[in-house]
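Peer 1: Take a look at the following structure, please.
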Amino acid sequence: MTKATIGFAMCGSFCTFSKAFEQMRALVEDGFDVIPIMSETACSTDTRFGAARDMVKTAEAIAGKKVLSTVVETEPIGPKDLCDLLIIAPCTGNTLAKLSLGVTDTAVTMAAKSHLRVLKPVLLCAATNDALGASAQNIGRLLNTKHIYFVPLAQDDPVKKPHSLVADFKRIPECAVAALAGRQVQPVFFSE
């Protein structure tokens with residue numbers, strides 16, 4: 001039995017894709033229907049972490065559906081009531097900034113805007129090297145935005161990357177259930 005439909009959107013924090021795919025798989029195994037979404041950058045950029053086409057194939061294989069990767073493809077998410085929850089994992093500093101300022105110029109930001117306009121929850125699984133720097137103000141604004149929830153975050157390398165925060169990807173399923181119930185998992189920030 002399908003529990004709910006989750007849009008699972010991925011941005012360009014390529015080093016965390018394996019963690020995101022692991023949690024996308026866990027959601028599917030737990031009975032959620034998953035719609036894969038990737039930003040234009042995420043689905044077209046080859047990196048040292050893998051070829052773009054392989055990342056798209058992985059998402060499609062896990063979800064059993066075609067990846068949505070354009071503004072036109074993701075705009076109907078809200079009006080057509082396609083998802084109960086939208087997860088953005090990984091959510092980069094760039095996407096945090098766009099969401100906090102209402103910029104809608106990628107498949108992922110359009111998915112979020114479309115989903116939020118029908119008052120449904122968005123769960124952010126942030127991974128950014130400047131979370132405690134330039135992105136801090138955007139995180140602060142989003143923490144105070146209705147229907148936005150965060151997967152708890154911690155510094156991943158306080159000595160070498162003192163401004164970097166990465167969400168605990170393993171908590172995505174728990175946080176998804178909480179966000180669907182309108183609840184933010186606490187604490188939002190933790191120490192490893």
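Identifiers for the structure tokens are assigned positionally: chains receive A, B, ... in sequence, residues are indexed from 1 per chain, and ligands are indexed from 1 in the order shown.
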If we count only C-alpha atoms, what is near A:Thr41 at a cut-off of 12 Å, once residues fewer than 4 positions away on the same chain are taken out, given as JSON, numbers by chain?
Peer 2: {"A": [10, 11, 12, 13, 14, 37, 45, 46, 47, 52, 53, 55, 56, 69, 70, 92, 94, 95, 105, 106, 107, 108]}
Peer 1: Please write the residues from the selection above to a file, keeping C-alpha atoms, as a short mmCIF file (atom, residue, chain, number, x, y, z; two decimals), in the first residue's frame.
Peer 2:
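This went into part-v4.cif:
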```cif
data_model
loop_
_atom_site.label_atom_id
_atom_site.label_comp_id
_atom_site.auth_asym_id
_atom_site.auth_seq_id
_atom_site.Cartn_x
_atom_site.Cartn_y
_atom_site.Cartn_z
CA MET A 10 18.22 16.79 -6.14
CA CYS A 11 20.54 19.77 -6.56
CA GLY A 12 24.25 19.90 -7.36
CA SER A 13 25.96 18.85 -4.13
CA PHE A 14 27.35 15.89 -6.07
CA ILE A 37 13.32 15.55 -9.78
CA THR A 45 27.00 17.73 -15.08
CA ASP A 46 29.64 15.01 -15.09
CA THR A 47 31.81 15.17 -11.96
CA ALA A 52 25.31 12.73 -15.14
CA ARG A 53 23.55 10.10 -17.27
CA MET A 55 22.90 9.67 -11.86
CA VAL A 56 19.69 10.14 -13.83
CA SER A 69 14.31 18.15 -14.94
CA THR A 70 12.78 21.29 -16.40
CA THR A 92 22.68 23.45 -1.95
CA ASN A 94 22.51 28.25 -4.05
CA THR A 95 19.05 26.67 -3.83
CA ASP A 105 14.64 29.52 -12.26
CA THR A 106 15.34 25.78 -11.99
CA ALA A 107 13.28 22.61 -12.01
CA VAL A 108 13.84 22.27 -8.26
#
```
Peer 1: Can you list every residue of stretch 50-102 of chain A that has an atom at most 12 Å from stretch 163-181 of chain A, with its nearest atom pair and the distance in Å to one decimal, using only C-alpha atoms, ordered by chain then number, as JSON lines?
Peer 2:
```
{"residue": "A:Cys83", "atom": "CA", "partner": "A:Leu180", "partner_atom": "CA", "distance": 10.9}
{"residue": "A:Asp84", "atom": "CA", "partner": "A:Leu180", "partner_atom": "CA", "distance": 7.4}
{"residue": "A:Leu85", "atom": "CA", "partner": "A:Leu180", "partner_atom": "CA", "distance": 6.6}
{"residue": "A:Leu86", "atom": "CA", "partner": "A:Ala176", "partner_atom": "CA", "distance": 8.9}
{"residue": "A:Ile87", "atom": "CA", "partner": "A:Ala176", "partner_atom": "CA", "distance": 7.8}
{"residue": "A:Ile88", "atom": "CA", "partner": "A:Ile172", "partner_atom": "CA", "distance": 10.1}
{"residue": "A:Ala89", "atom": "CA", "partner": "A:Phe169", "partner_atom": "CA", "distance": 8.0}
{"residue": "A:Pro90", "atom": "CA", "partner": "A:Ala167", "partner_atom": "CA", "distance": 8.5}
{"residue": "A:Cys91", "atom": "CA", "partner": "A:Ala167", "partner_atom": "CA", "distance": 9.3}
{"residue": "A:Thr92", "atom": "CA", "partner": "A:Val166", "partner_atom": "CA", "distance": 9.7}
{"residue": "A:Gly93", "atom": "CA", "partner": "A:Leu165", "partner_atom": "CA", "distance": 10.0}
```
Peer 1: Considering only C-alpha atoms, can you say which of A:His147, A:Lys80, A:Lys3, A:Arg48 comes closest to A:Asp30?
Peer 2: A:Lys3
Peer 1: Could you check the closest approach to A:Glu60 for each of A:Leu82, A:Val72, A:Leu143, A:Met24 and tell me which residue wins, using only C-alpha atoms?
Peer 2: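 Answer, going by the shortest atom-to-atom distance: A:Met24.
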Peer 1: Write down as a PyMOL selection string the residues belonging to stretch 57-189 of chain A that are assigned alpha helix (DSSP H) by DSSP computed on the backbone.
Peer 2: chain A and resi 57-63+71-74+93-101+107-116+136-143+172-180
Peer 1: My list of candidates is A:Leu27, A:Leu68, A:Ala126, A:Val103. Which is closest to A:Ile6 when distances are computed with only C-alpha atoms?
Peer 2: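 Smallest separation from A:Ile6 among the options: A:Leu27.
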Peer 1: Just the strand (DSSP E or B) stuff from stretch 1-189 of chain A, please, per backbone DSSP, written as a CSV table (one decimal) with C-alpha atoms, in the first residue's frame.
Peer 2:
```csv
chain,number,residue,atom,x,y,z
A,5,THR,CA,3.6,10.6,-2.9
A,6,ILE,CA,7.0,12.3,-2.4
A,7,GLY,CA,8.7,14.5,-4.9
A,8,PHE,CA,12.4,13.9,-4.3
A,9,ALA,CA,14.4,16.8,-5.8
A,10,MET,CA,18.2,16.8,-6.1
A,33,ASP,CA,5.6,6.6,-4.1
A,34,VAL,CA,8.6,8.7,-5.2
A,35,ILE,CA,8.7,11.2,-8.1
A,36,PRO,CA,12.4,11.9,-9.0
A,37,ILE,CA,13.3,15.6,-9.8
A,38,MET,CA,16.8,16.9,-10.6
A,47,THR,CA,31.8,15.2,-12.0
A,50,GLY,CA,30.0,10.1,-11.5
A,68,LEU,CA,11.6,15.7,-14.1
A,85,LEU,CA,5.6,16.2,0.3
A,86,LEU,CA,8.6,17.7,-1.6
A,87,ILE,CA,12.1,16.7,-0.4
A,88,ILE,CA,15.1,18.6,-1.7
A,89,ALA,CA,18.1,16.4,-1.0
A,90,PRO,CA,20.7,17.6,-1.4
A,91,CYS,CA,19.7,21.2,-1.1
A,122,VAL,CA,8.8,21.0,1.7
A,123,LEU,CA,11.7,19.2,3.5
A,124,LEU,CA,15.2,20.6,3.0
A,125,CYS,CA,18.2,18.3,3.4
A,126,ALA,CA,20.9,21.0,3.2
A,127,ALA,CA,24.5,20.4,2.2
A,128,THR,CA,26.5,23.5,1.8
A,148,ILE,CA,9.4,24.6,5.2
A,149,TYR,CA,11.1,21.9,7.3
A,150,PHE,CA,14.8,20.9,7.7
A,153,LEU,CA,22.2,19.7,10.4
A,154,ALA,CA,25.7,19.4,11.8
A,155,GLN,CA,29.2,20.7,10.9
A,165,LEU,CA,26.9,22.2,7.4
A,166,VAL,CA,25.5,18.9,6.1
A,167,ALA,CA,22.1,17.4,7.0
A,189,PHE,CA,21.3,21.8,14.7
```
Peer 1: Quick check, in Å to one decimal: how far apart do atom CA of A:Ala111 and atom CA of A:Thr74 lie?
Peer 2: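 Those two atoms sit 5.0 Å apart.
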